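Student: Dropping in coords-v2.tsv, with TSV, C-alpha atoms.
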```
chain	number	residue	atom	x	y	z
A	382	MET	CA	-126.65	20.77	-159.82
A	383	ILE	CA	-128.67	22.80	-157.31
A	384	THR	CA	-126.55	24.33	-154.56
A	385	VAL	CA	-127.71	24.85	-151.00
A	386	ALA	CA	-127.99	28.58	-151.62
A	387	SER	CA	-130.13	28.25	-154.77
A	388	SER	CA	-132.29	25.62	-153.08
A	389	ALA	CA	-133.22	28.15	-150.41
A	390	ALA	CA	-134.63	30.42	-153.09
A	391	PHE	CA	-137.22	27.75	-154.01
A	392	HIS	CA	-137.96	26.78	-150.40
A	393	PRO	CA	-138.34	29.86	-148.18
A	394	SER	CA	-138.29	27.77	-145.00
A	395	ALA	CA	-134.77	26.64	-145.91
A	396	ALA	CA	-133.61	30.21	-145.53
A	397	ARG	CA	-133.97	29.68	-141.78
A	398	ALA	CA	-131.33	26.95	-141.84
A	399	GLU	CA	-130.11	25.68	-138.52
A	400	GLU	CA	-126.79	26.93	-137.23
A	401	GLN	CA	-124.27	24.08	-137.37
A	402	VAL	CA	-122.28	23.71	-134.16
A	403	THR	CA	-119.69	20.98	-133.77
A	404	LEU	CA	-118.65	20.26	-130.20
A	405	ALA	CA	-115.58	18.39	-129.06
A	406	THR	CA	-116.32	15.59	-126.63
A	407	VAL	CA	-114.87	12.48	-125.05
A	408	ALA	CA	-116.63	9.30	-123.97
A	409	TRP	CA	-117.78	10.40	-120.52
A	410	ILE	CA	-120.98	9.54	-118.68
A	411	GLY	CA	-121.52	13.12	-117.54
A	412	TYR	CA	-122.13	14.16	-121.13
A	413	ALA	CA	-125.06	11.75	-121.49
A	414	PRO	CA	-127.67	14.54	-121.90
A	415	PHE	CA	-125.76	15.79	-124.95
A	416	TYR	CA	-125.75	12.32	-126.54
A	417	VAL	CA	-129.48	12.04	-125.89
A	418	ALA	CA	-130.24	15.55	-127.17
A	419	VAL	CA	-128.38	14.86	-130.43
A	420	GLU	CA	-130.10	11.48	-130.91
A	421	LYS	CA	-133.57	12.96	-130.23
A	422	ASN	CA	-132.99	16.16	-132.25
A	423	LEU	CA	-133.70	18.32	-129.21
A	424	PHE	CA	-131.60	21.22	-130.50
A	425	GLU	CA	-133.66	21.67	-133.65
A	426	LYS	CA	-136.39	23.85	-132.15
A	427	TYR	CA	-133.72	26.30	-131.02
A	428	GLY	CA	-132.35	26.71	-134.53
A	429	VAL	CA	-129.18	24.73	-133.89
A	430	LYS	CA	-127.86	21.51	-135.38
A	431	VAL	CA	-125.28	19.97	-133.05
A	432	ALA	CA	-122.69	17.39	-134.01
A	433	LEU	CA	-120.34	15.75	-131.53
A	434	LYS	CA	-116.73	15.02	-132.43
A	435	ASP	CA	-114.96	12.48	-130.23
A	436	PHE	CA	-111.37	13.03	-129.16
A	437	ALA	CA	-109.47	9.98	-127.92
A	438	ASP	CA	-106.81	12.39	-126.67
A	439	PRO	CA	-108.48	15.40	-124.96
A	440	ALA	CA	-105.20	17.32	-125.08
A	441	LEU	CA	-105.87	17.86	-128.80
A	442	ILE	CA	-109.14	19.73	-128.21
A	443	PRO	CA	-107.68	23.27	-127.78
A	444	ALA	CA	-105.77	23.07	-131.07
A	445	ALA	CA	-108.91	21.92	-132.89
A	446	LEU	CA	-110.82	24.87	-131.42
A	447	GLN	CA	-108.15	27.33	-132.43
A	448	SER	CA	-108.05	25.94	-135.98
A	449	GLY	CA	-111.80	26.42	-136.41
A	450	GLY	CA	-112.46	22.74	-136.99
A	451	ILE	CA	-114.88	22.74	-134.06
A	452	GLN	CA	-116.86	25.56	-132.51
A	453	GLY	CA	-117.01	24.56	-128.85
A	454	ALA	CA	-115.97	21.89	-126.41
A	455	MET	CA	-117.09	20.03	-123.35
A	456	TYR	CA	-114.32	18.97	-121.06
A	457	THR	CA	-113.00	19.60	-117.57
A	458	TYR	CA	-112.52	23.07	-116.14
A	459	ASP	CA	-108.76	22.61	-115.75
A	460	GLN	CA	-108.45	22.83	-119.54
A	461	VAL	CA	-109.94	26.34	-119.51
A	462	ILE	CA	-107.83	27.41	-116.51
A	463	ASN	CA	-104.74	26.25	-118.41
A	464	LEU	CA	-105.76	28.02	-121.62
A	465	VAL	CA	-106.64	31.35	-119.99
A	466	ALA	CA	-103.55	31.33	-117.75
A	467	ASN	CA	-101.45	30.95	-120.90
A	468	GLY	CA	-103.05	33.90	-122.66
A	469	ASN	CA	-105.83	32.25	-124.66
A	470	ALA	CA	-109.34	33.70	-124.84
A	471	PHE	CA	-111.85	30.99	-123.94
A	472	LYS	CA	-114.78	31.07	-121.54
A	473	VAL	CA	-117.07	28.64	-119.78
A	474	VAL	CA	-120.74	29.21	-120.64
A	475	MET	CA	-122.29	26.36	-118.64
A	476	PRO	CA	-121.30	23.89	-115.94
A	477	ILE	CA	-122.24	20.32	-116.96
A	478	ASP	CA	-121.37	17.91	-114.17
A	479	TYR	CA	-118.77	17.01	-111.63
A	480	SER	CA	-117.03	13.70	-111.21
A	481	ASN	CA	-118.11	11.98	-108.01
A	482	GLY	CA	-116.10	8.78	-108.26
A	483	ALA	CA	-116.06	8.16	-112.02
A	484	ASP	CA	-112.41	9.24	-112.30
A	485	ALA	CA	-110.04	6.92	-110.49
A	486	VAL	CA	-106.50	5.78	-109.85
A	487	VAL	CA	-106.59	2.01	-110.40
A	488	ALA	CA	-103.78	-0.29	-109.36
A	489	LEU	CA	-102.63	-3.85	-108.84
A	490	LYS	CA	-104.30	-5.33	-105.78
A	491	SER	CA	-100.92	-5.44	-104.04
A	492	ILE	CA	-100.98	-1.62	-104.08
A	493	LYS	CA	-103.16	-0.51	-101.18
A	494	SER	CA	-102.85	3.28	-101.24
A	495	MET	CA	-101.41	6.27	-103.09
A	496	ALA	CA	-98.43	6.18	-100.69
A	497	ASP	CA	-97.56	2.72	-102.07
A	498	LEU	CA	-96.88	4.23	-105.49
A	499	LYS	CA	-93.55	5.75	-104.44
A	500	GLY	CA	-90.86	4.78	-106.94
A	501	LYS	CA	-93.29	2.85	-109.14
A	502	LYS	CA	-94.61	3.25	-112.70
A	503	VAL	CA	-97.92	5.09	-112.93
A	504	ALA	CA	-99.66	5.65	-116.28
A	505	TYR	CA	-101.86	8.70	-116.80
A	506	PRO	CA	-102.37	11.56	-119.28
A	507	PHE	CA	-100.00	14.37	-118.36
A	508	ALA	CA	-102.14	17.04	-120.03
A	509	THR	CA	-105.69	16.16	-118.96
A	510	CYS	CA	-107.84	16.16	-115.86
A	511	ASP	CA	-106.57	12.91	-114.41
A	512	ASN	CA	-103.07	14.29	-114.00
A	513	LEU	CA	-104.73	16.56	-111.44
A	514	LEU	CA	-106.26	13.56	-109.69
A	515	VAL	CA	-102.86	11.87	-109.48
A	516	ALA	CA	-101.08	15.03	-108.32
A	517	TYR	CA	-103.75	15.82	-105.74
A	518	GLY	CA	-103.91	12.25	-104.44
A	519	LEU	CA	-100.14	12.04	-104.11
A	520	GLN	CA	-100.07	15.40	-102.36
A	521	LYS	CA	-102.61	14.16	-99.81
A	522	SER	CA	-100.34	11.16	-99.20
A	523	GLY	CA	-97.24	13.30	-98.66
A	524	LEU	CA	-95.77	12.63	-102.09
A	525	THR	CA	-95.32	14.53	-105.35
A	526	GLU	CA	-95.23	13.44	-108.96
A	527	ALA	CA	-91.44	13.40	-108.69
A	528	ASP	CA	-91.82	10.45	-106.32
A	529	VAL	CA	-93.34	8.20	-109.02
A	530	GLU	CA	-92.27	7.17	-112.50
A	531	GLY	CA	-94.98	8.80	-114.55
A	532	LEU	CA	-95.85	7.35	-117.96
A	533	ASP	CA	-97.67	9.78	-120.26
A	534	THR	CA	-100.55	8.14	-122.11
A	535	THR	CA	-104.07	8.85	-123.36
A	536	PRO	CA	-107.07	8.00	-121.15
A	537	GLU	CA	-108.02	5.09	-123.40
A	538	ASN	CA	-104.50	3.62	-123.38
A	539	VAL	CA	-104.10	3.41	-119.61
A	540	ALA	CA	-105.31	-0.22	-119.68
A	541	ALA	CA	-102.61	-1.16	-122.18
A	542	ALA	CA	-99.98	0.57	-120.06
A	543	LEU	CA	-101.09	-1.44	-117.02
A	544	VAL	CA	-100.86	-4.70	-118.92
A	545	GLY	CA	-97.47	-3.54	-120.19
A	546	GLY	CA	-95.94	-3.10	-116.76
A	547	ALA	CA	-97.30	-0.03	-114.96
A	548	VAL	CA	-98.53	-0.85	-111.45
A	549	ALA	CA	-101.20	1.86	-111.48
A	550	GLY	CA	-102.95	4.28	-113.80
A	551	ALA	CA	-105.49	7.09	-113.78
A	552	THR	CA	-108.40	7.51	-116.16
A	553	TYR	CA	-112.17	8.01	-116.25
A	554	GLU	CA	-115.28	5.99	-117.06
A	555	PRO	CA	-115.92	3.93	-119.10
A	556	ASN	CA	-112.19	3.13	-119.06
A	557	VAL	CA	-112.17	2.54	-115.29
A	558	SER	CA	-114.86	-0.16	-115.49
A	559	LYS	CA	-113.02	-1.88	-118.34
A	560	ILE	CA	-109.80	-1.98	-116.31
A	561	LEU	CA	-111.54	-3.33	-113.22
A	562	LYS	CA	-112.84	-6.20	-115.36
A	563	LEU	CA	-109.38	-7.15	-116.71
A	564	ASP	CA	-108.45	-10.71	-115.81
A	565	VAL	CA	-104.68	-10.20	-115.86
A	566	ASN	CA	-101.95	-9.65	-113.26
A	567	GLY	CA	-104.32	-10.73	-110.51
A	568	GLY	CA	-106.83	-7.98	-111.29
A	569	TYR	CA	-107.08	-4.32	-110.39
A	570	HIS	CA	-108.90	-2.15	-107.89
A	571	ALA	CA	-109.44	1.57	-107.32
A	572	ILE	CA	-107.18	3.14	-104.68
A	573	TYR	CA	-108.26	6.77	-105.09
A	574	THR	CA	-111.25	8.38	-106.83
A	575	SER	CA	-112.65	11.80	-107.59
A	576	ALA	CA	-115.12	11.30	-104.72
A	577	SER	CA	-112.15	12.12	-102.47
A	578	ALA	CA	-111.40	15.34	-104.36
A	579	PRO	CA	-114.76	17.13	-104.67
A	580	GLY	CA	-114.78	19.92	-107.24
A	581	LEU	CA	-111.36	19.07	-108.66
A	582	ILE	CA	-112.92	17.55	-111.78
A	583	THR	CA	-115.85	19.66	-112.96
A	584	ASP	CA	-117.00	19.39	-116.57
A	585	ILE	CA	-117.99	22.51	-118.44
A	586	LEU	CA	-119.06	23.73	-121.89
A	587	TYR	CA	-116.76	26.38	-123.33
A	588	PHE	CA	-116.20	28.47	-126.45
A	589	SER	CA	-113.75	31.10	-127.64
A	590	THR	CA	-114.65	34.65	-126.66
A	591	ASP	CA	-114.78	35.54	-130.36
A	592	TYR	CA	-117.36	32.82	-131.07
A	593	ILE	CA	-119.38	33.86	-128.02
A	594	SER	CA	-119.58	37.47	-129.20
A	595	LYS	CA	-120.54	36.51	-132.76
A	596	ASN	CA	-122.91	33.59	-132.10
A	597	PRO	CA	-124.87	34.16	-128.88
A	598	LYS	CA	-128.09	32.64	-130.25
A	599	ALA	CA	-126.31	29.44	-131.25
A	600	ILE	CA	-124.78	29.07	-127.78
A	601	ASP	CA	-128.14	29.74	-126.15
A	602	GLY	CA	-129.67	27.02	-128.33
A	603	VAL	CA	-126.93	24.54	-127.45
A	604	ILE	CA	-127.49	25.10	-123.73
A	605	LYS	CA	-131.28	24.86	-123.99
A	606	GLY	CA	-131.06	21.67	-126.05
A	607	TYR	CA	-128.76	20.16	-123.43
A	608	ILE	CA	-131.22	21.11	-120.67
A	609	ASP	CA	-133.98	19.39	-122.65
A	610	GLY	CA	-131.68	16.37	-122.85
A	611	MET	CA	-131.46	16.30	-119.06
A	612	ALA	CA	-135.25	16.50	-118.83
A	613	PHE	CA	-135.65	13.66	-121.33
A	614	MET	CA	-133.31	11.48	-119.29
A	615	LYS	CA	-135.39	12.12	-116.19
A	616	SER	CA	-138.73	11.37	-117.87
A	617	ASN	CA	-137.54	8.53	-120.14
A	618	PRO	CA	-134.61	6.95	-118.29
A	619	GLU	CA	-134.65	3.55	-119.97
A	620	GLU	CA	-134.69	4.98	-123.50
A	621	ALA	CA	-132.03	7.51	-122.54
A	622	TYR	CA	-129.73	4.88	-121.03
A	623	ALA	CA	-130.17	2.77	-124.16
A	624	ILE	CA	-129.02	5.70	-126.29
A	625	VAL	CA	-125.95	6.23	-124.13
A	626	ALA	CA	-125.20	2.49	-124.10
A	627	LYS	CA	-125.22	2.51	-127.90
A	628	TYR	CA	-122.90	5.51	-127.91
A	629	PHE	CA	-120.50	3.75	-125.52
A	630	SER	CA	-120.86	0.32	-127.17
A	631	THR	CA	-121.78	-1.20	-123.84
A	632	THR	CA	-124.82	-2.42	-121.89
A	633	VAL	CA	-127.58	-0.41	-120.27
A	634	ASP	CA	-126.65	-1.88	-116.88
A	635	ASP	CA	-123.06	-0.73	-117.35
A	636	VAL	CA	-124.22	2.80	-118.20
A	637	LYS	CA	-126.44	2.88	-115.10
A	638	GLU	CA	-123.46	1.87	-112.97
A	639	GLN	CA	-121.23	4.53	-114.53
A	640	ALA	CA	-123.91	7.16	-113.96
A	641	LYS	CA	-123.50	6.75	-110.21
A	642	GLY	CA	-120.06	8.37	-110.47
A	643	ALA	CA	-121.13	11.65	-112.05
A	644	TYR	CA	-123.55	14.37	-110.94
A	645	ASN	CA	-125.26	16.36	-113.68
A	646	ILE	CA	-125.85	19.88	-112.44
A	647	PRO	CA	-129.54	20.88	-112.57
A	648	VAL	CA	-130.54	24.29	-113.92
A	649	SER	CA	-131.41	25.47	-110.42
A	650	GLU	CA	-127.77	24.98	-109.35
A	651	MET	CA	-125.97	26.22	-112.46
A	652	ALA	CA	-125.83	29.93	-111.59
A	653	GLY	CA	-124.12	29.16	-108.30
A	654	TYR	CA	-121.03	27.96	-110.15
A	655	PHE	CA	-120.41	31.52	-111.34
A	656	THR	CA	-120.51	33.05	-107.85
A	657	PRO	CA	-117.87	32.92	-105.09
A	658	HIS	CA	-118.52	30.57	-102.18
A	659	ASP	CA	-116.46	28.08	-100.24
A	660	ASP	CA	-117.75	24.73	-101.43
A	661	ALA	CA	-116.87	22.88	-104.64
A	662	LYS	CA	-120.00	24.09	-106.43
A	663	SER	CA	-118.21	27.28	-107.43
A	664	LEU	CA	-115.69	27.87	-110.19
A	665	PHE	CA	-113.95	30.28	-107.84
A	666	THR	CA	-113.24	27.45	-105.39
A	667	SER	CA	-112.48	24.66	-107.86
A	668	GLY	CA	-110.53	27.05	-110.10
A	669	LYS	CA	-108.20	28.02	-107.27
A	670	LEU	CA	-107.63	24.37	-106.37
A	671	ILE	CA	-106.94	23.44	-110.00
A	672	ALA	CA	-104.57	26.39	-110.48
A	673	GLU	CA	-102.58	25.46	-107.36
A	674	VAL	CA	-101.96	21.99	-108.79
A	675	LEU	CA	-101.10	23.35	-112.27
A	676	VAL	CA	-98.66	25.90	-110.84
A	677	LYS	CA	-96.90	23.20	-108.84
A	678	ARG	CA	-96.68	21.08	-111.99
A	679	GLY	CA	-95.22	24.02	-113.93
A	680	GLN	CA	-98.05	24.07	-116.47
A	681	ILE	CA	-99.06	27.64	-115.63
A	682	LYS	CA	-97.18	30.49	-113.94
A	683	ALA	CA	-100.03	31.89	-111.88
A	684	THR	CA	-103.75	31.55	-111.19
A	685	PRO	CA	-105.77	33.52	-113.75
A	686	LYS	CA	-108.60	35.79	-112.67
A	687	ILE	CA	-111.51	33.39	-112.35
A	688	GLU	CA	-113.85	36.07	-113.75
A	689	ASP	CA	-111.84	35.87	-116.98
A	690	THR	CA	-112.63	32.18	-117.41
A	691	PHE	CA	-116.42	32.33	-117.74
A	692	ASP	CA	-119.40	34.16	-119.23
A	693	ALA	CA	-122.46	33.68	-117.03
A	694	LYS	CA	-125.02	35.57	-119.10
A	695	PHE	CA	-126.49	32.54	-120.89
A	696	VAL	CA	-127.15	30.56	-117.73
A	697	SER	CA	-128.34	33.69	-115.89
A	698	SER	CA	-130.89	34.42	-118.63
A	699	ILE	CA	-132.21	30.84	-118.63
A	700	VAL	CA	-132.46	30.71	-114.84
A	701	ALA	CA	-134.27	34.07	-114.78
A	702	SER	CA	-136.84	32.79	-117.27
A	703	LYS	CA	-137.72	29.71	-115.19
```
Have the structure of the file written as structure tokens, please.

Tutor:
Amino acid sequence: MITVASSAAFHPSAARAEEQVTLATVAWIGYAPFYVAVEKNLFEKYGVKVALKDFADPALIPAALQSGGIQGAMYTYDQVINLVANGNAFKVVMPIDYSNGADAVVALKSIKSMADLKGKKVAYPFATCDNLLVAYGLQKSGLTEADVEGLDTTPENVAAALVGGAVAGATYEPNVSKILKLDVNGGYHAIYTSASAPGLITDILYFSTDYISKNPKAIDGVIKGYIDGMAFMKSNPEEAYAIVAKYFSTTVDDVKEQAKGAYNIPVSEMAGYFTPHDDAKSLFTSGKLIAEVLVKRGQIKATPKIEDTFDAKFVSSIVASK
């Protein structure tokens, strides 16, 4: 049998094999350019072969990274804040998108506001981004998580928890759309969304500091392939939406509707996320807001130095070359 190594001896071009990078992901509309880039082999010209590994429970992503089963991850910035605050060495290398309504607290139609949740069962993942949405929404209504009966679940299982007796739940698309279409208990509606908490839920691409130091070319290729994915979506929207619809096992129209709730950050705006300014388009601003919620929840003891949570050199180099 010919091994991969011996095969390279007979085919010199094989010696320039692509770097395999497996990225953790969840079913989220903001990651659409990655799905498209993988489907259209847009990473290949940068010497990278990217595979996406879905996680039904995003709380399992850090352990998979630390075990070496995956090389990088795309998820919300709160995950990195949590990791770094607890002594783990991970850094954001690129902002991806921010949720602009695609994360939501959905509830029975008899529940009109977050304030109405006092003393009631609310289902949401305790260790992912939507716990922040719940905590922040309750805080704005003069309540805390102690004022509701929280039910810990995965994002995908919020619907089942609602059918099982919870009056409200928090999750993200495409789960939100599926819940709003449920024809049980009189139906459901959204009472609070990420559009009311700008910057709280920002998606990022991150790697361990060790991987960053040892594999800069691979990371550069991943970012450039993703950027090409964004460009493909802009120039070939129908084909791109069809790819995402296949990935989500849904319709193109449904994907188009979900896309309204997420804003993919263009290259021209990426560098701004690594600089301090007051609005939500800065990790310094969103990181402080996230940390305040996590400290109050007891998940971290103190806000980490925001500079310790990112490495801006990849984005800076790409922006400078434009």

Student: Could you pull the residues within 8 Å of region 679-689 of chain A, counting only C-alpha atoms, minus those fewer than 5 positions along the same chain, as a list in words?

Tutor: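 In the requested form, the answer reads Ile462, Asn463, Val465, Ala466, Asn467, Lys472, Leu664, Phe665, Gly668, Lys669, Ala672 and Glu673 of chain A.
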
Student: Just to confirm, what's the straight-line distance from CA of Asn512 (chain A) to CA of Ile477 (chain A) in Å (one decimal)?

Tutor: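 CA of Ile477 (chain A) lies at a distance of 20.3 Å from CA of Asn512 (chain A).
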
Student: Could you jot down the CA of Leu489 (chain A) to CA of Asn566 (chain A) separation for me, Å, one decimal place?

Tutor: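 If I compute the distance from CA of Leu489 (chain A) to CA of Asn566 (chain A), I get 7.3 Å.
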
Student: For Tyr416 (chain A), which of A:Ala626, A:Val486, A:Val696, A:Ala661 is the closest residue, counting all atoms listed in the file?

Tutor: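 Looking at the shortest contact to Tyr416 (chain A), the residue is A:Ala626.
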
Student: Neighbouring residues of region 514-521 of chain A were defined as those with any atom within 10 Å, considering only C-alpha atoms; residues of the same chain fewer than 2 positions away were excluded. Please report them as JSON, numbers by chain.

Tutor: {"A": [484, 485, 486, 494, 495, 496, 497, 498, 499, 503, 504, 505, 506, 507, 509, 510, 511, 512, 523, 524, 525, 526, 527, 528, 529, 531, 550, 551, 552, 572, 573, 574, 575, 577, 578, 581, 582, 670, 671, 673, 674, 675, 677, 678]}

Student: Find the residue from A:Glu530, A:Ile585, A:Glu620, A:Pro536 that sits nearest to Ala440 (chain A); use only C-alpha atoms when measuring.

Tutor: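 When distances to Ala440 (chain A) are compared using only C-alpha atoms, the smallest one comes from A:Pro536.
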
Student: Counting all atoms listed in the file, figure out which residue out of A:Asn469, A:Ser480, A:Thr534, A:Ser698 gets nearest to Ile604 (chain A).

Tutor: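 Closest candidate: A:Ser698.
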